[in-house]
$ cat structure-v2.txt   # compact mmCIF, C-alpha atoms and all ligand atoms
# COMPACT_ATOMS: atom_id res chain seq x y z
CA MET A 18 108.79 -218.99 -21.09
CA SER A 19 111.99 -217.10 -21.76
CA ASN A 20 115.52 -217.98 -20.64
CA GLU A 21 117.62 -215.26 -22.21
CA HIS A 22 120.95 -213.78 -21.24
CA PHE A 23 121.82 -210.06 -21.33
CA LYS A 24 124.92 -208.11 -20.45
CA VAL A 25 122.80 -205.69 -18.44
CA ILE A 26 119.29 -206.02 -17.05
CA ILE A 27 117.63 -202.94 -15.60
CA ILE A 28 114.72 -203.45 -13.22
CA GLY A 29 112.38 -200.46 -13.29
CA THR A 30 111.28 -197.74 -15.68
CA GLY A 31 111.12 -194.50 -13.76
CA PRO A 32 113.60 -191.72 -14.54
CA ALA A 33 116.42 -193.77 -12.93
CA GLY A 34 115.87 -197.00 -14.87
CA LEU A 35 115.25 -195.34 -18.21
CA THR A 36 118.26 -193.04 -17.88
CA ALA A 37 120.36 -196.09 -17.03
CA GLY A 38 118.83 -197.62 -20.17
CA ILE A 39 119.81 -194.68 -22.36
CA TYR A 40 123.41 -194.76 -21.12
CA ALA A 41 123.77 -198.55 -21.19
CA ALA A 42 122.30 -198.72 -24.70
CA ARG A 43 124.63 -195.99 -25.94
CA ALA A 44 127.52 -197.98 -24.48
CA ASP A 45 126.47 -200.88 -26.78
CA LEU A 46 125.38 -203.04 -23.85
CA ALA A 47 121.92 -203.71 -25.38
CA PRO A 48 120.18 -203.67 -21.99
CA LEU A 49 116.90 -205.39 -21.21
CA ILE A 50 114.60 -203.12 -19.22
CA LEU A 51 111.92 -204.81 -17.13
CA GLU A 52 109.04 -202.35 -17.01
CA GLY A 53 107.26 -203.76 -13.98
CA ASP A 54 103.74 -203.11 -12.76
CA GLN A 55 103.84 -199.33 -13.11
CA PRO A 56 105.72 -198.50 -16.35
CA GLY A 57 107.12 -194.99 -16.06
CA GLY A 58 107.01 -195.08 -12.27
CA GLN A 59 105.63 -192.46 -9.94
CA LEU A 60 105.67 -189.65 -12.52
CA THR A 61 102.86 -191.38 -14.34
CA ILE A 62 100.53 -190.53 -11.44
CA THR A 63 101.33 -186.82 -11.39
CA THR A 64 100.04 -184.29 -13.84
CA GLU A 65 102.33 -181.46 -14.91
CA VAL A 66 106.05 -181.56 -14.11
CA GLU A 67 107.42 -178.04 -13.97
CA ASN A 68 110.79 -178.58 -12.33
CA TYR A 69 112.44 -180.99 -14.76
CA PRO A 70 115.21 -178.92 -16.37
CA GLY A 71 115.00 -178.51 -20.12
CA PHE A 72 111.21 -178.17 -20.23
CA GLU A 73 110.76 -174.45 -19.92
CA ASN A 74 106.98 -174.63 -20.06
CA GLY A 75 106.59 -177.85 -18.08
CA ILE A 76 105.55 -181.27 -19.36
CA MET A 77 102.96 -183.81 -18.28
CA GLY A 78 104.50 -186.61 -16.17
CA PRO A 79 103.34 -189.50 -18.40
CA GLU A 80 104.57 -187.68 -21.53
CA LEU A 81 107.97 -187.05 -19.96
CA MET A 82 108.33 -190.75 -19.20
CA GLU A 83 107.22 -191.66 -22.72
CA GLN A 84 110.03 -189.46 -24.04
CA PHE A 85 112.55 -191.14 -21.71
CA ARG A 86 111.36 -194.52 -22.95
CA ASN A 87 111.48 -193.61 -26.63
CA GLN A 88 114.96 -192.18 -26.16
CA ALA A 89 116.17 -195.43 -24.53
CA LYS A 90 114.56 -197.51 -27.31
CA ARG A 91 116.10 -195.34 -30.02
CA PHE A 92 119.54 -196.46 -28.85
CA GLY A 93 118.58 -200.11 -28.69
CA ALA A 94 117.25 -200.68 -25.16
CA ASP A 95 114.80 -203.59 -25.08
CA CYS A 96 111.82 -202.47 -22.96
CA ARG A 97 109.47 -205.31 -22.07
CA SER A 98 106.29 -205.48 -20.09
CA ILE A 99 107.71 -207.91 -17.53
CA THR A 100 107.85 -207.80 -13.72
CA ALA A 101 110.77 -209.20 -11.72
CA THR A 102 109.42 -211.50 -9.02
CA SER A 103 112.65 -212.74 -7.38
CA VAL A 104 116.41 -212.67 -7.87
CA ASP A 105 119.42 -214.85 -7.25
CA PHE A 106 122.54 -212.72 -6.99
CA SER A 107 124.62 -215.53 -5.49
CA THR A 108 125.32 -217.02 -8.92
CA THR A 109 127.26 -215.62 -11.88
CA PRO A 110 125.64 -214.57 -14.12
CA HIS A 111 122.92 -213.20 -11.86
CA ARG A 112 119.46 -214.72 -12.25
CA ILE A 113 116.17 -212.87 -12.30
CA GLU A 114 112.85 -214.71 -12.11
CA THR A 115 110.04 -212.80 -13.77
CA THR A 116 106.41 -213.04 -14.80
CA LYS A 117 107.75 -214.23 -18.20
CA GLY A 118 110.47 -216.72 -17.27
CA THR A 119 114.07 -216.63 -16.08
CA PHE A 120 116.63 -214.12 -17.32
CA THR A 121 120.34 -213.93 -16.59
CA ALA A 122 122.66 -210.92 -16.70
CA ASP A 123 126.33 -210.08 -16.15
CA ALA A 124 125.29 -206.86 -14.42
CA VAL A 125 121.98 -205.82 -12.88
CA ILE A 126 120.74 -202.31 -12.20
CA VAL A 127 117.98 -202.13 -9.58
CA ALA A 128 115.82 -199.07 -10.24
CA SER A 129 112.52 -200.34 -8.88
CA GLY A 130 111.66 -197.08 -7.09
CA ALA A 131 109.46 -196.46 -4.10
CA ARG A 132 105.78 -195.85 -3.66
CA ALA A 133 104.02 -193.30 -1.54
CA LEU A 134 101.76 -194.95 0.97
CA LEU A 135 98.13 -194.08 0.34
CA LEU A 136 95.03 -194.23 2.47
CA GLY A 137 93.48 -196.83 0.17
CA LEU A 138 90.29 -194.94 -0.71
CA GLU A 139 88.74 -195.37 -4.16
CA SER A 140 88.16 -191.60 -4.42
CA GLU A 141 91.80 -190.95 -3.54
CA SER A 142 93.00 -192.97 -6.58
CA ARG A 143 90.34 -191.46 -8.84
CA LEU A 144 91.37 -187.90 -7.94
CA MET A 145 95.13 -188.50 -7.88
CA GLY A 146 96.61 -185.68 -9.99
CA HIS A 147 93.27 -183.85 -9.84
CA GLY A 148 93.55 -182.34 -6.38
CA VAL A 149 95.11 -185.31 -4.61
CA SER A 150 98.90 -185.61 -4.53
CA ALA A 151 101.63 -187.42 -2.63
CA CYS A 152 104.38 -184.93 -3.54
CA ALA A 153 104.32 -181.31 -2.41
CA THR A 154 107.52 -180.43 -4.28
CA CYS A 155 105.96 -181.73 -7.51
CA ASP A 156 102.47 -180.32 -7.22
CA GLY A 157 102.44 -177.56 -4.58
CA PHE A 158 102.71 -174.83 -7.15
CA PHE A 159 99.24 -175.68 -8.51
CA PHE A 160 97.60 -174.81 -5.19
CA ARG A 161 98.39 -171.12 -5.08
CA GLY A 162 95.79 -169.28 -2.98
CA LYS A 163 93.91 -172.49 -2.08
CA LYS A 164 92.85 -174.20 1.12
CA ILE A 165 94.44 -177.61 1.38
CA ALA A 166 94.91 -180.53 3.76
CA VAL A 167 97.97 -182.64 4.55
CA VAL A 168 97.43 -186.06 6.11
CA GLY A 169 100.12 -187.42 8.44
CA GLY A 170 101.89 -186.61 11.66
CA GLY A 171 105.54 -187.36 10.86
CA ASP A 172 108.45 -185.25 9.60
CA SER A 173 107.24 -185.55 6.00
CA ALA A 174 103.83 -184.13 6.90
CA MET A 175 105.42 -181.19 8.77
CA GLU A 176 107.87 -180.57 5.94
CA GLU A 177 105.20 -180.76 3.25
CA ALA A 178 102.76 -178.59 5.20
CA THR A 179 105.44 -175.94 5.78
CA PHE A 180 106.51 -176.04 2.13
CA LEU A 181 102.92 -175.79 0.92
CA THR A 182 102.34 -172.53 2.82
CA LYS A 183 104.47 -170.89 0.12
CA PHE A 184 101.52 -171.39 -2.20
CA ALA A 185 98.35 -172.19 -0.27
CA ASP A 186 96.36 -169.69 1.79
CA LYS A 187 95.69 -172.23 4.52
CA VAL A 188 97.11 -175.69 5.23
CA THR A 189 95.36 -178.02 7.67
CA VAL A 190 97.29 -181.00 8.99
CA ILE A 191 94.89 -183.88 9.61
CA HIS A 192 96.33 -186.38 12.06
CA ARG A 193 94.79 -189.56 13.43
CA ARG A 194 96.10 -189.03 16.97
CA ASP A 195 96.43 -186.06 19.34
CA SER A 196 100.23 -185.92 19.24
CA LEU A 197 102.70 -185.80 16.41
CA ARG A 198 105.38 -188.33 15.53
CA ALA A 199 107.52 -185.61 13.91
CA SER A 200 110.73 -184.32 15.52
CA LYS A 201 110.27 -181.42 17.95
CA ALA A 202 112.09 -178.99 15.68
CA MET A 203 109.84 -179.74 12.73
CA GLN A 204 106.71 -179.73 14.89
CA ASN A 205 107.62 -176.31 16.26
CA LYS A 206 108.29 -174.90 12.81
CA ALA A 207 104.88 -176.05 11.61
CA MET A 208 103.05 -174.95 14.76
CA GLU A 209 104.58 -171.48 14.63
CA ASN A 210 103.50 -171.02 11.02
CA PRO A 211 100.32 -168.86 11.02
CA LYS A 212 99.09 -170.50 7.81
CA ILE A 213 99.06 -174.01 9.34
CA ASP A 214 96.38 -175.37 11.64
CA PHE A 215 95.77 -178.88 12.96
CA MET A 216 92.80 -181.19 12.97
CA TRP A 217 93.53 -183.79 15.68
CA ASN A 218 92.10 -187.29 16.13
CA ALA A 219 90.72 -187.31 12.62
CA VAL A 220 90.95 -189.56 9.56
CA VAL A 221 89.92 -188.91 5.97
CA THR A 222 87.23 -191.37 4.87
CA ASP A 223 86.37 -189.90 1.45
CA VAL A 224 87.56 -187.32 -1.08
CA LEU A 225 84.66 -185.45 -2.64
CA GLY A 226 84.89 -184.17 -6.19
CA ASP A 227 85.47 -185.40 -9.74
CA PRO A 228 88.46 -185.49 -12.09
CA GLU A 229 87.04 -182.72 -14.33
CA ASN A 230 86.50 -180.16 -11.58
CA GLY A 231 88.93 -181.41 -8.95
CA MET A 232 88.14 -182.01 -5.30
CA HIS A 233 86.06 -179.67 -3.18
CA ALA A 234 85.85 -181.33 0.24
CA LEU A 235 87.06 -184.14 2.46
CA ARG A 236 84.85 -186.37 4.58
CA VAL A 237 86.60 -186.53 7.92
CA LYS A 238 85.82 -188.92 10.75
CA SER A 239 86.66 -188.34 14.38
CA THR A 240 88.70 -191.16 15.92
CA THR A 241 87.29 -190.29 19.34
CA ASP A 242 83.52 -190.38 18.73
CA ASP A 243 83.24 -191.71 15.10
CA SER A 244 81.27 -188.62 14.01
CA GLU A 245 81.73 -187.59 10.36
CA LYS A 246 81.66 -184.20 8.67
CA ASP A 247 82.46 -182.78 5.23
CA VAL A 248 85.09 -180.03 5.32
CA PRO A 249 85.80 -177.86 2.26
CA PHE A 250 89.33 -178.33 0.85
CA GLU A 251 90.68 -177.85 -2.66
CA GLY A 252 93.68 -180.12 -2.27
CA LEU A 253 94.83 -183.18 -0.33
CA PHE A 254 98.48 -184.09 0.17
CA LEU A 255 99.30 -187.51 1.57
CA ALA A 256 102.39 -187.64 3.75
CA ILE A 257 102.00 -190.95 5.54
CA GLY A 258 105.34 -192.40 4.42
CA HIS A 259 106.96 -194.12 1.45
CA LYS A 260 107.86 -197.73 0.87
CA PRO A 261 110.76 -198.79 -1.36
CA ASN A 262 109.96 -201.55 -3.87
CA THR A 263 112.45 -204.09 -2.56
CA GLU A 264 110.29 -207.08 -1.69
CA PHE A 265 111.32 -209.00 -4.82
CA LEU A 266 114.99 -208.78 -3.73
CA GLY A 267 114.26 -211.32 -1.01
CA GLY A 268 116.86 -209.85 1.35
CA GLN A 269 119.76 -210.47 -1.07
CA LEU A 270 120.99 -206.87 -0.97
CA THR A 271 121.82 -205.03 2.22
CA LEU A 272 118.98 -202.64 3.07
CA ASP A 273 118.77 -199.88 5.66
CA ASP A 274 116.28 -199.93 8.54
CA SER A 275 113.53 -198.48 6.34
CA GLY A 276 114.09 -201.04 3.58
CA TYR A 277 116.06 -198.87 1.13
CA VAL A 278 119.00 -200.42 -0.74
CA ILE A 279 122.31 -199.22 0.69
CA THR A 280 124.76 -198.04 -1.98
CA HIS A 281 128.42 -197.13 -1.68
CA ASP A 282 131.12 -195.78 -4.03
CA GLY A 283 128.48 -194.40 -6.37
CA THR A 284 125.78 -196.97 -7.05
CA LYS A 285 127.43 -200.21 -5.91
CA THR A 286 125.38 -202.47 -3.65
CA SER A 287 126.43 -205.26 -1.29
CA LYS A 288 126.59 -207.72 -4.24
CA GLU A 289 129.24 -207.48 -6.94
CA GLY A 290 127.78 -206.61 -10.33
CA VAL A 291 124.53 -205.27 -8.84
CA PHE A 292 123.95 -201.53 -8.85
CA ALA A 293 121.05 -199.46 -7.52
CA CYS A 294 119.76 -196.03 -8.46
CA GLY A 295 116.76 -193.78 -7.97
CA ASP A 296 114.22 -193.84 -5.16
CA VAL A 297 114.88 -197.47 -4.23
CA GLN A 298 118.13 -196.21 -2.64
CA ASP A 299 117.24 -192.58 -1.93
CA HIS A 300 114.73 -191.43 0.66
CA THR A 301 116.18 -187.96 0.94
CA TYR A 302 115.81 -186.20 -2.40
CA ARG A 303 113.23 -188.32 -4.32
CA GLN A 304 113.21 -186.05 -7.36
CA ALA A 305 112.99 -187.09 -11.02
CA ILE A 306 116.19 -185.22 -11.81
CA THR A 307 118.18 -186.80 -8.97
CA ALA A 308 116.82 -190.23 -9.91
CA ALA A 309 117.85 -189.67 -13.54
CA GLY A 310 121.30 -188.54 -12.40
CA SER A 311 121.82 -191.66 -10.32
CA GLY A 312 120.54 -193.79 -13.24
CA CYS A 313 123.33 -192.37 -15.37
CA MET A 314 125.83 -193.15 -12.60
CA ALA A 315 124.58 -196.76 -12.34
CA ALA A 316 124.98 -197.35 -16.09
CA LEU A 317 128.52 -195.94 -16.02
CA ASP A 318 129.36 -198.04 -12.95
CA ALA A 319 127.95 -201.15 -14.65
CA GLU A 320 129.88 -200.43 -17.84
CA ARG A 321 133.15 -200.05 -15.91
CA TYR A 322 132.45 -203.22 -13.97
CA LEU A 323 131.81 -205.22 -17.15
CA GLU A 324 134.95 -203.83 -18.77
CA ALA A 325 137.02 -204.76 -15.73
CA LYS A 326 135.55 -208.27 -15.83
CA GLY A 327 136.43 -208.56 -19.51
CA HIS A 328 132.82 -208.85 -20.75
P1 LIG A 401 106.55 -191.60 9.33
O1 LIG A 401 107.54 -191.05 10.27
O2 LIG A 401 106.36 -193.07 9.26
O3 LIG A 401 105.16 -190.89 9.68
C1 LIG A 401 104.00 -191.28 9.03
C2 LIG A 401 102.84 -190.52 9.65
O4 LIG A 401 101.68 -190.84 8.93
C3 LIG A 401 102.61 -190.88 11.11
O5 LIG A 401 102.30 -189.74 11.85
C4 LIG A 401 101.43 -191.84 11.05
O6 LIG A 401 100.57 -191.74 12.15
C5 LIG A 401 100.69 -191.34 9.82
N1 LIG A 401 99.99 -192.43 9.15
C6 LIG A 401 100.51 -193.60 8.70
N2 LIG A 401 99.56 -194.33 8.11
C7 LIG A 401 98.41 -193.60 8.18
C8 LIG A 401 97.09 -193.82 7.75
N3 LIG A 401 96.75 -194.93 7.09
N4 LIG A 401 96.15 -192.87 7.99
C9 LIG A 401 96.50 -191.73 8.64
N5 LIG A 401 97.74 -191.46 9.07
C10 LIG A 401 98.69 -192.38 8.85
O7 LIG A 401 106.85 -191.18 7.80
P2 LIG A 401 107.53 -189.84 7.26
O8 LIG A 401 106.99 -188.65 7.91
O9 LIG A 401 107.43 -189.96 5.76
O10 LIG A 401 109.05 -190.00 7.66
C11 LIG A 401 109.80 -191.16 7.25
C12 LIG A 401 111.24 -191.02 7.74
O11 LIG A 401 111.89 -189.97 7.03
C13 LIG A 401 111.32 -190.65 9.22
O12 LIG A 401 112.44 -191.29 9.78
C14 LIG A 401 111.53 -189.16 9.21
O13 LIG A 401 112.21 -188.67 10.35
C15 LIG A 401 112.36 -188.99 7.94
N6 LIG A 401 112.16 -187.63 7.37
C16 LIG A 401 113.03 -186.65 7.74
C17 LIG A 401 112.87 -185.38 7.24
C18 LIG A 401 113.84 -184.32 7.61
O14 LIG A 401 114.53 -184.49 8.60
N7 LIG A 401 113.92 -183.23 6.88
C19 LIG A 401 111.82 -185.07 6.39
C20 LIG A 401 110.93 -186.10 6.03
C21 LIG A 401 111.11 -187.37 6.54
P3 LIG A 401 101.01 -192.25 13.61
O15 LIG A 401 101.94 -191.20 14.13
O16 LIG A 401 99.73 -192.32 14.35
O17 LIG A 401 101.66 -193.56 13.40

$ encode --input "structure-v2.txt" --output "C-alpha cells" --more "lines below"
Ligand code: NAP
Amino acid sequence: MSNEHFKVIIIGTGPAGLTAGIYAARADLAPLILEGDQPGGQLTITTEVENYPGFENGIMGPELMEQFRNQAKRFGADCRSITATSVDFSTTPHRIETTKGTFTADAVIVASGARALLLGLESESRLMGHGVSACATCDGFFFRGKKIAVVGGGDSAMEEATFLTKFADKVTVIHRRDSLRASKAMQNKAMENPKIDFMWNAVVTDVLGDPENGMHALRVKSTTDDSEKDVPFEGLFLAIGHKPNTEFLGGQLTLDDSGYVITHDGTKTSKEGVFACGDVQDHTYRQAITAAGSGCMAALDAERYLEAKGH
C-alpha cells in the first residue's frame, strides 16, 4: 500500500483532468493523475467526436482520450490506475484515500466528471455508441434522415429532442407518465415542432439490434396496462438526467442542490488548495472542449496557489 506525497494530485481522466495534467506537468509540478473506474471518462463511450477543434475529419472518442493521456505522460504526468475512495481536505497536506493506499498532496484538482443516468438495460450498454447515445450534441449528426426516440420528460429531453430534429426525420419522446416535468416554455417548443411526437405512459424495456448493424427497434411497455410492443427506431437518446461523481468527496466541498461542486474565482472550491474543473462542476455546457478549458484553468490556479504558498 502506497503512502506517497505529490505537489498536485488530479482526480479524473476525462478532458478536464488530462488537460490539467498536461498543464501541471509542463509547470514542473509532476502531478499524479488518478484514473478512476472509467479512464478517459465519458468520451470513451461515444464513437466519433466531430466537434473537438483541431480534428478536421473527426476522431474516435477513445482515441482522442488516448492522445490526451499520452500528451500528459510525455511531460511527466504520472497516470495510475487508481480510484479515489475518500478525501480529507481538513488537513494540510490534503489526504486522499484510494484503492491503492493513502496519498497526500499540496493541491488537489477534482475532475471526476459526471455520468449520464441510464435505464440499466443490458442491450442499452451493448449498443451504446451503436445507435444508443446519451449526448445529442455529440452524436446527433449521425442520425440524419433517421427515426429516433428520446427517453425522458424533463428539460434535457425537450432540448435534445428539439436539437435532434435538425438531423432526424422524426423524433419520438417516450415518457413514463402522461405529463412532462420540463418547463412550460421548453414543452411548448417541443410540442409545436412538427417533427416531434410523444409516446406517453411508456417505458423502454429492450433495445433491439446488434453492434455491427446498429439498433432497429425498441421494445416499449405501457405503464398503464403492461402491454409490450416493438416499435421501429434507428436511434435512442437517453435524457433522464446526469449525476456528478462527487460521492467520494463525502460532503467536504460545497455542492449545489444537484450535487455539483460549486466553484468561484475560476476553479476554486470551498476548500483552500482544492480546485474543480470539468463536468463535476458544470451542468450547463458539458462539452469536451469546455471541460478541457476548465482543466487548463484549474492547473493554472493550482500553480499560482502553490507559488503563493511557497511550495
Ligand atoms: P430531470 O429534470 O431530472 O428529468 C429527468 C426526466 O427523466 C424526468 O421526466 C423523469 O421522469 C425521467 N426519468 C428519470 N428516470 C427515468 C427512468 N429510469 N426511466 C424513464 N424515465 C426516467 O433531468 P434533466 O431533464 O436532465 O434536467 C436536469 C436539470 O437541468 C433540471 O433542473 C433542468 O431544468 C435543467 N436543464 C435546463 C435546461 C435549460 O434550461 N436549457 C436544459 C436541460 C436541463 P419523471 O418526470 O416521471 O420523474

$ residues_around --input "structure-v2.txt" --residues "Asp299 of chain A" --least-positions-apart "5" --cutoff "10 Å" --atoms "all atoms listed in the file" --output "ChimeraX atom specification"
/A:130-131,261,277-280,293-294,304,307-308,311

$ write_last_selection --input "structure-v2.txt" --atoms "C-alpha atoms" --output "PDB file, in the coordinates of the input"
ATOM      1  CA  GLY A 130     111.660-197.080  -7.090  1.00  0.00           C
ATOM      2  CA  ALA A 131     109.460-196.460  -4.100  1.00  0.00           C
ATOM      3  CA  PRO A 261     110.760-198.790  -1.360  1.00  0.00           C
ATOM      4  CA  TYR A 277     116.060-198.870   1.130  1.00  0.00           C
ATOM      5  CA  VAL A 278     119.000-200.420  -0.740  1.00  0.00           C
ATOM      6  CA  ILE A 279     122.310-199.220   0.690  1.00  0.00           C
ATOM      7  CA  THR A 280     124.760-198.040  -1.980  1.00  0.00           C
ATOM      8  CA  ALA A 293     121.050-199.460  -7.520  1.00  0.00           C
ATOM      9  CA  CYS A 294     119.760-196.030  -8.460  1.00  0.00           C
ATOM     10  CA  GLN A 304     113.210-186.050  -7.360  1.00  0.00           C
ATOM     11  CA  THR A 307     118.180-186.800  -8.970  1.00  0.00           C
ATOM     12  CA  ALA A 308     116.820-190.230  -9.910  1.00  0.00           C
ATOM     13  CA  SER A 311     121.820-191.660 -10.320  1.00  0.00           C
TER      14      SER A 311
END

$ residues_near_point --input "structure-v2.txt" --point "(106.8, -181.0, -2.6)" --cutoff "10 Å" --atoms "all atoms listed in the file" --output "PyMOL selection string"
chain A and resi 150-158+173+176-181+254+303-304

$ residues_near_ligand --input "structure-v2.txt" --ligand "ligand LIG 401 (chain A)" --cutoff "9 Å" --atoms "only C-alpha atoms and all ligand atoms" --output "PyMOL selection string"
chain A and resi 133-137+168-177+191-200+203+219-221+255-259+275+300-301

$ residues_around --input "structure-v2.txt" --residues "Ile213 of chain A" --least-positions-apart "4" --cutoff "9 Å" --atoms "only C-alpha atoms" --output "list in words"
Ala178, Thr179, Thr182, Lys187, Val188, Thr189, Val190, Ala207, Met208 and Glu209 of chain A

$ atom_distance --input "structure-v2.txt" --atom1 "atom CA of Ser107 of chain A" --atom2 "atom CA of Pro56 of chain A"
27.7 Å

$ atom_distance --input "structure-v2.txt" --atom1 "atom CA of Ser239 of chain A" --atom2 "atom CA of Phe160 of chain A"
26.2 Å

$ atom_distance --input "structure-v2.txt" --atom1 "atom CA of Val297 of chain A" --atom2 "atom CA of Gln204 of chain A"
27.3 Å

$ residues_around --input "structure-v2.txt" --residues "segment 109-112 of chain A" --least-positions-apart "6" --cutoff "7 Å" --atoms "all atoms listed in the file" --output "list in words"
Thr119, Phe120, Thr121, Ala122 and Asp123 of chain A

$ write_last_selection --input "structure-v2.txt" --atoms "C-alpha atoms" --output "compact mmCIF listing (two decimals), in the coordinates of the input"
# COMPACT_ATOMS: atom_id res chain seq x y z
CA THR A 119 114.07 -216.63 -16.08
CA PHE A 120 116.63 -214.12 -17.32
CA THR A 121 120.34 -213.93 -16.59
CA ALA A 122 122.66 -210.92 -16.70
CA ASP A 123 126.33 -210.08 -16.15

$ closest_residue --input "structure-v2.txt" --among "A:Phe184, A:Phe265, A:Phe159, A:Phe92" --to "Gly53 of chain A" --atoms "only C-alpha atoms"
A:Phe265

$ residues_around --input "structure-v2.txt" --residues "Leu49 of chain A" --least-positions-apart "3" --cutoff "7 Å" --atoms "all atoms listed in the file" --output "MDAnalysis selection string"
chainID A and resid 23 25:27 94:96
